[in-house]
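Data from run.tsv: TSV, C-alpha atoms
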```tsv
chain	number	residue	atom	x	y	z
A	1	MET	CA	-4.81	-20.80	-9.09
A	2	ARG	CA	-5.78	-22.52	-5.88
A	3	ASP	CA	-7.31	-20.47	-3.06
A	4	ASP	CA	-5.68	-22.66	-0.39
A	5	ARG	CA	-2.10	-21.81	-1.39
A	6	LEU	CA	-1.55	-18.43	0.31
A	7	SER	CA	1.49	-18.26	2.55
A	8	VAL	CA	3.43	-15.74	4.66
A	9	GLY	CA	7.16	-15.71	5.34
A	10	VAL	CA	7.84	-15.69	9.08
A	11	TRP	CA	10.45	-12.93	8.50
A	12	CYS	CA	7.57	-10.54	7.79
A	13	TYR	CA	7.29	-10.32	11.58
A	14	GLY	CA	10.94	-9.43	12.09
A	15	MET	CA	12.33	-6.43	13.94
A	16	GLY	CA	12.69	-4.30	10.82
A	17	THR	CA	16.43	-3.70	11.06
A	18	ASP	CA	18.21	-1.63	8.45
A	19	ARG	CA	21.75	-0.29	7.98
A	20	TYR	CA	20.92	2.83	10.01
A	21	VAL	CA	18.80	1.35	12.80
A	22	GLY	CA	20.59	-1.90	13.58
A	23	LYS	CA	18.30	-2.77	16.48
A	24	GLY	CA	15.23	-2.43	14.30
A	25	TYR	CA	12.01	-0.50	14.68
A	26	LYS	CA	10.09	-3.20	16.54
A	27	ASP	CA	10.47	-5.58	19.44
A	28	PHE	CA	11.57	-9.15	18.79
A	29	ILE	CA	8.74	-11.68	18.31
A	30	ASP	CA	9.58	-15.34	18.84
A	31	PHE	CA	8.76	-18.04	16.31
A	32	GLU	CA	5.73	-19.42	18.13
A	33	LYS	CA	4.15	-15.96	18.41
A	34	ARG	CA	4.79	-15.31	14.73
A	35	ILE	CA	2.98	-18.52	13.82
A	36	GLU	CA	0.05	-17.47	16.00
A	37	LEU	CA	-0.17	-14.06	14.32
A	38	ILE	CA	0.06	-15.56	10.84
A	39	SER	CA	-2.65	-18.09	11.66
A	40	ASN	CA	-5.02	-15.19	12.38
A	41	LEU	CA	-4.69	-13.81	8.84
A	42	LYS	CA	-7.76	-14.61	6.77
A	43	GLY	CA	-7.14	-17.03	3.92
A	44	VAL	CA	-3.55	-17.88	4.86
A	45	LYS	CA	-2.86	-21.61	4.88
A	46	GLY	CA	0.92	-21.74	4.96
A	47	VAL	CA	4.14	-20.28	6.30
A	48	GLU	CA	7.55	-20.03	4.71
A	49	VAL	CA	10.50	-20.79	6.97
A	50	THR	CA	14.30	-20.96	6.88
A	51	PHE	CA	16.61	-23.88	7.66
A	52	PRO	CA	18.26	-24.25	10.14
A	53	GLN	CA	17.22	-21.10	12.04
A	54	ASP	CA	13.46	-21.73	12.12
A	55	VAL	CA	13.23	-25.44	11.39
A	56	ASN	CA	15.91	-28.10	11.83
A	57	GLU	CA	16.41	-31.74	12.75
A	58	LYS	CA	16.24	-31.04	16.49
A	59	ASN	CA	12.95	-29.13	16.62
A	60	LEU	CA	11.17	-30.95	13.80
A	61	ASP	CA	8.55	-32.66	15.98
A	62	ASN	CA	7.76	-29.47	17.88
A	63	ILE	CA	7.35	-27.52	14.65
A	64	VAL	CA	4.96	-30.12	13.26
A	65	GLU	CA	2.86	-29.99	16.42
A	66	LEU	CA	2.83	-26.18	16.45
A	67	LEU	CA	1.76	-25.87	12.82
A	68	GLU	CA	-0.91	-28.54	13.11
A	69	SER	CA	-2.37	-26.72	16.13
A	70	ARG	CA	-2.74	-23.63	13.94
A	71	ASP	CA	-3.90	-25.51	10.82
A	72	LEU	CA	-0.91	-24.33	8.80
A	73	LYS	CA	1.49	-26.01	6.38
A	74	ILE	CA	5.01	-25.09	5.31
A	75	SER	CA	4.84	-23.73	1.77
A	76	ALA	CA	8.59	-23.69	1.14
A	77	MET	CA	11.82	-23.83	3.09
A	78	GLY	CA	14.76	-21.53	2.52
A	79	VAL	CA	18.39	-22.36	3.29
A	80	GLU	CA	20.41	-19.79	5.24
A	81	LEU	CA	23.40	-19.15	2.98
A	82	VAL	CA	23.49	-15.36	3.25
A	83	CYS	CA	23.02	-13.76	6.67
A	84	ASP	CA	26.26	-14.84	8.31
A	85	ALA	CA	29.80	-13.55	7.83
A	86	GLU	CA	31.05	-17.05	6.98
A	87	TRP	CA	29.40	-16.67	3.55
A	88	LYS	CA	31.25	-13.47	2.65
A	89	THR	CA	33.08	-15.26	-0.19
A	90	GLY	CA	29.85	-16.89	-1.40
A	91	SER	CA	28.28	-20.30	-0.97
A	92	PHE	CA	27.90	-22.49	-4.07
A	93	THR	CA	30.27	-20.27	-6.07
A	94	SER	CA	32.87	-19.52	-3.37
A	95	TYR	CA	36.56	-19.93	-4.21
A	96	ASP	CA	36.82	-21.62	-0.79
A	97	PRO	CA	36.09	-25.36	-1.28
A	98	GLU	CA	35.02	-25.66	2.38
A	99	ARG	CA	32.29	-23.06	1.86
A	100	ARG	CA	31.11	-24.83	-1.27
A	101	LYS	CA	31.07	-28.16	0.56
A	102	LYS	CA	29.12	-26.70	3.48
A	103	SER	CA	26.58	-25.05	1.18
A	104	VAL	CA	25.81	-28.43	-0.39
A	105	GLU	CA	25.66	-30.11	3.04
A	106	LEU	CA	23.26	-27.48	4.42
A	107	THR	CA	21.06	-27.69	1.35
A	108	THR	CA	20.84	-31.47	1.39
A	109	ARG	CA	20.05	-31.41	5.11
A	110	ALA	CA	17.27	-28.92	4.39
A	111	MET	CA	16.01	-31.24	1.67
A	112	ASP	CA	15.88	-34.12	4.16
A	113	VAL	CA	13.88	-32.05	6.64
A	114	ALA	CA	11.60	-30.82	3.85
A	115	TYR	CA	10.97	-34.41	2.79
A	116	GLU	CA	10.05	-35.36	6.36
A	117	LEU	CA	7.60	-32.46	6.52
A	118	GLY	CA	6.07	-33.06	3.11
A	119	VAL	CA	7.45	-29.77	1.78
A	120	LYS	CA	7.99	-29.84	-1.97
A	121	THR	CA	10.31	-26.85	-2.52
A	122	VAL	CA	13.60	-25.79	-0.96
A	123	ASN	CA	14.40	-22.19	-1.84
A	124	LEU	CA	17.93	-21.02	-2.66
A	125	TRP	CA	18.59	-17.27	-2.47
A	126	LEU	CA	22.32	-16.95	-3.14
A	127	GLY	CA	22.78	-13.31	-2.17
A	128	GLN	CA	26.46	-13.65	-1.27
A	129	ASP	CA	27.35	-15.31	-4.58
A	130	GLY	CA	28.58	-12.59	-6.88
A	131	PHE	CA	31.04	-9.71	-6.75
A	132	ASP	CA	31.55	-6.13	-5.59
A	133	TYR	CA	34.50	-5.02	-7.77
A	134	VAL	CA	35.99	-5.79	-11.16
A	135	PHE	CA	38.62	-8.55	-11.27
A	136	GLN	CA	37.31	-9.90	-7.96
A	137	THR	CA	35.82	-13.12	-9.32
A	138	ASP	CA	36.73	-15.78	-11.84
A	139	TYR	CA	33.30	-15.82	-13.47
A	140	SER	CA	33.63	-19.09	-15.37
A	141	ASP	CA	34.88	-20.98	-12.31
A	142	ALA	CA	32.05	-19.53	-10.21
A	143	TRP	CA	29.45	-20.56	-12.81
A	144	ILE	CA	30.85	-24.10	-13.07
A	145	ASN	CA	30.92	-24.42	-9.27
A	146	LEU	CA	27.31	-23.24	-9.08
A	147	LEU	CA	26.11	-25.85	-11.56
A	148	GLU	CA	28.12	-28.66	-9.95
A	149	GLY	CA	26.74	-27.83	-6.51
A	150	LEU	CA	23.17	-27.66	-7.77
A	151	LYS	CA	23.55	-31.04	-9.48
A	152	LYS	CA	24.82	-32.66	-6.28
A	153	CYS	CA	21.87	-31.29	-4.32
A	154	ALA	CA	19.33	-32.19	-6.99
A	155	ASP	CA	20.58	-35.78	-7.14
A	156	HIS	CA	20.35	-36.08	-3.35
A	157	ASN	CA	16.55	-36.27	-3.60
A	158	PRO	CA	14.85	-35.84	-6.99
A	159	ASP	CA	11.47	-35.59	-5.22
A	160	ILE	CA	12.41	-32.22	-3.69
A	161	ASN	CA	12.44	-29.16	-5.94
A	162	LEU	CA	15.23	-26.59	-5.68
A	163	GLY	CA	14.02	-23.06	-6.48
A	164	LEU	CA	16.71	-20.53	-7.45
A	165	GLU	CA	15.60	-17.11	-6.24
A	166	TYR	CA	17.38	-14.61	-8.45
A	167	LYS	CA	18.16	-11.03	-7.44
A	168	VAL	CA	20.11	-8.21	-9.07
A	169	SER	CA	22.10	-7.25	-5.98
A	170	GLU	CA	22.24	-7.37	-2.18
A	171	PRO	CA	24.13	-8.12	-0.17
A	172	ARG	CA	26.71	-8.39	-2.99
A	173	MET	CA	26.78	-5.40	-5.32
A	174	SER	CA	26.09	-7.78	-8.18
A	175	CYS	CA	24.67	-11.24	-7.61
A	176	MET	CA	25.61	-14.06	-9.96
A	177	VAL	CA	22.03	-15.34	-10.35
A	178	ASN	CA	20.63	-11.91	-11.13
A	179	SER	CA	17.84	-12.40	-13.67
A	180	GLY	CA	15.05	-14.75	-14.59
A	181	GLY	CA	16.89	-15.72	-17.75
A	182	LYS	CA	20.10	-16.61	-15.94
A	183	ALA	CA	18.22	-18.55	-13.25
A	184	LEU	CA	16.40	-20.48	-15.97
A	185	ALA	CA	19.66	-21.12	-17.81
A	186	ALA	CA	21.26	-22.50	-14.66
A	187	ALA	CA	18.26	-24.74	-14.01
A	188	VAL	CA	18.19	-26.09	-17.56
A	189	LEU	CA	21.98	-26.62	-17.68
A	190	THR	CA	21.89	-28.84	-14.60
A	191	ASP	CA	19.78	-31.22	-16.69
A	192	ARG	CA	17.77	-31.95	-13.54
A	193	LYS	CA	13.99	-31.54	-13.60
A	194	ASN	CA	13.89	-30.67	-9.89
A	195	VAL	CA	15.98	-27.52	-10.36
A	196	GLY	CA	13.90	-24.48	-11.21
A	197	VAL	CA	13.14	-20.93	-10.16
A	198	THR	CA	11.53	-19.12	-7.26
A	199	LEU	CA	10.09	-15.95	-8.78
A	200	ASP	CA	10.19	-12.99	-6.41
A	201	VAL	CA	8.07	-10.36	-8.16
A	202	GLY	CA	9.94	-7.52	-6.46
A	203	HIS	CA	13.25	-8.95	-7.70
A	204	ALA	CA	11.80	-9.10	-11.21
A	205	PHE	CA	10.92	-5.40	-10.98
A	206	ASN	CA	14.48	-4.64	-9.80
A	207	ALA	CA	15.83	-6.59	-12.78
A	208	GLY	CA	13.78	-4.49	-15.19
A	209	GLU	CA	11.56	-7.45	-16.03
A	210	ASN	CA	7.87	-7.77	-16.65
A	211	PRO	CA	6.72	-10.36	-14.06
A	212	ALA	CA	3.93	-11.69	-16.29
A	213	GLU	CA	6.41	-12.34	-19.08
A	214	ILE	CA	9.07	-14.09	-17.02
A	215	ALA	CA	6.43	-16.15	-15.17
A	216	SER	CA	4.98	-17.26	-18.51
A	217	VAL	CA	8.41	-18.27	-19.81
A	218	LEU	CA	9.18	-20.22	-16.63
A	219	MET	CA	5.81	-21.97	-16.72
A	220	ALA	CA	6.31	-22.87	-20.38
A	221	GLU	CA	9.54	-24.60	-19.37
A	222	LYS	CA	7.94	-26.16	-16.26
A	223	ARG	CA	10.51	-24.42	-14.04
A	224	LEU	CA	8.35	-22.06	-11.96
A	225	PHE	CA	8.40	-23.73	-8.54
A	226	HIS	CA	7.43	-20.97	-6.10
A	227	ILE	CA	6.39	-17.29	-5.99
A	228	HIS	CA	7.18	-14.44	-3.59
A	229	LEU	CA	4.87	-11.43	-3.66
A	230	ASN	CA	5.84	-7.85	-2.77
A	231	ASP	CA	6.34	-4.48	-4.45
A	232	ASN	CA	8.96	-1.74	-4.83
A	233	TYR	CA	9.96	1.30	-6.89
A	234	ARG	CA	12.43	-0.79	-8.99
A	235	ILE	CA	15.34	0.94	-7.24
A	236	ALA	CA	15.75	-1.43	-4.29
A	237	ASP	CA	14.19	-4.56	-2.84
A	238	ASP	CA	11.75	-2.65	-0.60
A	239	ASP	CA	9.43	-5.63	0.07
A	240	MET	CA	6.40	-3.34	0.26
A	241	PRO	CA	2.78	-4.60	0.29
A	242	LEU	CA	2.01	-5.73	-3.23
A	243	GLY	CA	0.02	-3.42	-5.48
A	244	THR	CA	1.26	-0.28	-3.74
A	245	VAL	CA	3.23	0.67	-6.87
A	246	HIS	CA	2.68	-1.79	-9.72
A	247	TRP	CA	-1.00	-2.69	-9.68
A	248	PRO	CA	-1.42	-2.89	-13.52
A	249	GLN	CA	1.57	-5.21	-13.76
A	250	TYR	CA	0.15	-7.32	-10.95
A	251	LEU	CA	-3.15	-7.56	-12.79
A	252	GLU	CA	-1.38	-8.86	-15.88
A	253	PHE	CA	0.73	-11.18	-13.70
A	254	PHE	CA	-2.30	-12.82	-12.09
A	255	TYR	CA	-4.10	-12.94	-15.44
A	256	PHE	CA	-1.37	-15.12	-16.93
A	257	LEU	CA	-0.93	-17.20	-13.78
A	258	GLU	CA	-4.65	-17.99	-13.87
A	259	LYS	CA	-4.68	-18.60	-17.60
A	260	SER	CA	-1.65	-20.91	-17.43
A	261	GLY	CA	-3.01	-22.90	-14.50
A	262	TYR	CA	-0.35	-22.13	-11.90
A	263	ASP	CA	-1.18	-24.24	-8.83
A	264	GLY	CA	1.81	-23.57	-6.57
A	265	TRP	CA	2.08	-21.43	-3.47
A	266	LEU	CA	1.87	-17.64	-3.39
A	267	SER	CA	3.96	-16.40	-0.49
A	268	LEU	CA	4.01	-12.88	0.98
A	269	ASP	CA	7.63	-11.73	1.24
A	270	LEU	CA	7.23	-8.39	3.02
A	271	TYR	CA	9.55	-6.36	5.22
A	272	PRO	CA	7.43	-3.65	6.86
A	273	TYR	CA	10.07	-1.60	8.66
A	274	ARG	CA	7.73	0.89	10.32
A	275	ASP	CA	4.34	-0.70	9.64
A	276	ASP	CA	2.42	-3.26	11.66
A	277	PRO	CA	3.24	-6.62	10.00
A	278	SER	CA	-0.29	-7.99	10.25
A	279	ALA	CA	-1.73	-4.81	8.74
A	280	ALA	CA	0.78	-4.97	5.86
A	281	CYS	CA	-0.16	-8.62	5.26
A	282	GLU	CA	-3.89	-7.88	5.41
A	283	VAL	CA	-3.56	-5.09	2.83
A	284	SER	CA	-1.67	-7.46	0.55
A	285	LEU	CA	-4.14	-10.31	1.02
A	286	ASN	CA	-7.05	-8.00	0.24
A	287	PHE	CA	-5.26	-6.85	-2.91
A	288	ILE	CA	-4.65	-10.46	-3.97
A	289	SER	CA	-8.33	-11.29	-3.53
A	290	LYS	CA	-9.46	-8.32	-5.61
A	291	ILE	CA	-6.86	-8.68	-8.35
A	292	LYS	CA	-7.45	-12.44	-8.72
A	293	SER	CA	-11.19	-11.81	-9.14
A	294	LEU	CA	-10.49	-9.15	-11.73
A	295	ALA	CA	-8.09	-11.43	-13.60
A	296	LYS	CA	-10.75	-14.15	-13.68
A	297	GLU	CA	-13.26	-11.62	-15.07
A	298	PHE	CA	-10.78	-10.72	-17.81
A	299	ILE	CA	-10.43	-14.38	-18.76
A	300	LYS	CA	-14.17	-15.02	-18.66
A	301	SER	CA	-14.93	-11.98	-20.81
A	302	GLY	CA	-12.49	-13.05	-23.50
A	303	ASP	CA	-11.67	-9.39	-24.13
A	304	PHE	CA	-7.94	-10.07	-24.11
A	305	ASP	CA	-7.90	-13.40	-25.94
A	306	ASN	CA	-6.76	-11.79	-29.18
A	307	ILE	CA	-4.82	-9.00	-27.54
A	308	LYS	CA	-1.92	-9.25	-29.98
A	309	LEU	CA	-4.30	-8.16	-32.77
A	310	LEU	CA	-5.42	-5.02	-30.92
A	311	PRO	CA	-3.77	-1.60	-31.24
A	312	PRO	CA	-2.21	-0.27	-28.01
A	313	SER	CA	-4.95	2.32	-27.49
A	314	ALA	CA	-7.63	-0.38	-27.64
A	315	ILE	CA	-5.81	-2.46	-25.05
A	316	ILE	CA	-5.58	0.49	-22.63
A	317	ASN	CA	-9.23	1.36	-23.21
A	318	LYS	CA	-10.30	-2.19	-22.42
A	319	LEU	CA	-8.16	-2.17	-19.27
A	320	ILE	CA	-9.62	1.12	-18.08
A	321	HIS	CA	-13.16	0.00	-18.84
A	322	ARG	CA	-12.78	-3.27	-16.97
A	323	VAL	CA	-11.04	-1.79	-13.92
A	324	PHE	CA	-12.84	1.50	-13.41
A	325	ASN	CA	-16.38	0.90	-14.74
```
Could you take the file, read its structure, and then write that structure out as structure tokens?
Amino acid sequence: MRDDRLSVGVWCYGMGTDRYVGKGYKDFIDFEKRIELISNLKGVKGVEVTFPQDVNEKNLDNIVELLESRDLKISAMGVELVCDAEWKTGSFTSYDPERRKKSVELTTRAMDVAYELGVKTVNLWLGQDGFDYVFQTDYSDAWINLLEGLKKCADHNPDINLGLEYKVSEPRMSCMVNSGGKALAAAVLTDRKNVGVTLDVGHAFNAGENPAEIASVLMAEKRLFHIHLNDNYRIADDDMPLGTVHWPQYLEFFYFLEKSGYDGWLSLDLYPYRDDPSAACEVSLNFISKIKSLAKEFIKSGDFDNIKLLPPSAIINKLIHRVFN
């Protein structure tokens, strides 16, 4: 893994709104101030943004100038297909052809801006694509519409990767792209090499997955395009500082990323409702530094090279010895 590929999503510095405190727990911070705060975080070289809210055709030159002044790059660019009532019937899978058409248009516009900025990955979190109740969706039609839309976008510019960010639920009760396996299936079925997966580790926990396993599968298929880092209790997408709950799983995750030669961006996707955003980021960055070093030690020692031949007790003993001695 490269040390110059740490990124922070600008939404980490949001107001911390939730369903009970609609105005949030913090004051609003404008985009320029967020970039300044992120630039002060040690080791961070990139920011993740959303099209068209943060970056668009009109402010492109100003964004470039701002980021260059802070020595930052854009790690990935999301497309806003969720946080507006117009997407209540979905985006790529909507039964409304106008919504499907607009989702493709927005995505291809984002791809054009990404190309201008030298950004490799456009991220697609399709949180409104799914269902809330039984008999609410024609599942086969929705799946076909999803694949057709992805193909259109992929063909628009094969040099730009499209990363499907899967999630079990939210805002829909059940999202269509709700697991690593289904995201991979969609990517493969488009038959386009530039369609892959954005792995949000917290979403993997929610889906009952082992992040190291799904990351390894995606890397084996050359479909792991981008990574979001956070933590939760597997019940909801809490976006807590990483390592606060699942540190052993994170150790295994970084072990296999390092061993497999992942060289993409690692992006903090946090939502600190009541915490100071910079403090939450700093805790996470410190954890990443420590856990990456430990993963490298594991690889160098060779203790886990033949792990499949070891009994479970021996594996746990080796882990305890390496971590706590």
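By chain and then residue number, the residues within 12 Å of Leu41 (chain A) are Leu6, Ser7, Val8, Arg34, Ile35, Val47, Arg70, Asp71, Leu72, Leu268, Pro277, Ser278, Ala279, Ala280, Cys281, Glu282, Val283, Ser284, Leu285 and Asn286 of chain A, counting all atoms listed in the file and disregarding those fewer than 6 positions away in sequence.
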Two-atom distance - CA of Val10 (chain A), CA of Trp265 (chain A) (Å): 15.0 Å
Centre and size of axis-aligned box enclosing region 205-223 of chain A plus 5 Å each side, as lines of an AutoDock Vina configuration file:
```
center_x = 9.9
center_y = -15.3
center_z = -15.1
size_x = 21.9
size_y = 31.7
size_z = 20.6
```
Atom-to-atom span, CA of Ser169 (chain A) and CA of Glu221 (chain A), Å: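 Interatomic distance, CA of Ser169 (chain A) to CA of Glu221 (chain A): 25.3 Å.
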CA of Lys167 (chain A) to CA of Ile291 (chain A), straight-line distance in Å: 25.1 Å
Within 10 Å of file point (22.3, -32.3, -0.2), counting all atoms listed in the file, expressed as a list of chain:residue names: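 Taken together, the residues in range are A:Lys101, A:Lys102, A:Ser103, A:Val104, A:Glu105, A:Leu106, A:Thr107, A:Thr108, A:Arg109, A:Ala110, A:Met111, A:Asp112, A:Gly149, A:Leu150, A:Lys151, A:Lys152, A:Cys153, A:Ala154, A:Asp155, A:His156, A:Asn157.
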Residues near region 232-238 of chain A, cut-off 12 Å, all atoms listed in the file, skip fewer than 5 positions along chain, as a short mmCIF file (atom, residue, chain, number, x, y, z; two decimals) with C-alpha atoms, in the coordinates of the input:
```
data_model
loop_
_atom_site.label_atom_id
_atom_site.label_comp_id
_atom_site.auth_asym_id
_atom_site.auth_seq_id
_atom_site.Cartn_x
_atom_site.Cartn_y
_atom_site.Cartn_z
CA GLY A 16 12.69 -4.30 10.82
CA ASP A 18 18.21 -1.63 8.45
CA TYR A 166 17.38 -14.61 -8.45
CA LYS A 167 18.16 -11.03 -7.44
CA VAL A 168 20.11 -8.21 -9.07
CA SER A 169 22.10 -7.25 -5.98
CA GLU A 170 22.24 -7.37 -2.18
CA PRO A 171 24.13 -8.12 -0.17
CA MET A 173 26.78 -5.40 -5.32
CA ASP A 200 10.19 -12.99 -6.41
CA VAL A 201 8.07 -10.36 -8.16
CA GLY A 202 9.94 -7.52 -6.46
CA HIS A 203 13.25 -8.95 -7.70
CA ALA A 204 11.80 -9.10 -11.21
CA PHE A 205 10.92 -5.40 -10.98
CA ASN A 206 14.48 -4.64 -9.80
CA ALA A 207 15.83 -6.59 -12.78
CA GLY A 208 13.78 -4.49 -15.19
CA GLU A 209 11.56 -7.45 -16.03
CA ASN A 210 7.87 -7.77 -16.65
CA GLY A 243 0.02 -3.42 -5.48
CA THR A 244 1.26 -0.28 -3.74
CA VAL A 245 3.23 0.67 -6.87
CA HIS A 246 2.68 -1.79 -9.72
CA TRP A 247 -1.00 -2.69 -9.68
CA ASP A 269 7.63 -11.73 1.24
CA LEU A 270 7.23 -8.39 3.02
CA TYR A 271 9.55 -6.36 5.22
CA PRO A 272 7.43 -3.65 6.86
CA TYR A 273 10.07 -1.60 8.66
#
```
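Comparing A:Tyr262, A:Tyr115, A:Tyr13, A:Tyr255 by their smallest distance to Phe225 (chain A), the closest is A:Tyr262 (using only C-alpha atoms).
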Shell around Val64 (chain A) at 10 Å using only C-alpha atoms, local window under 3 positions removed, as a count of residues only: 11
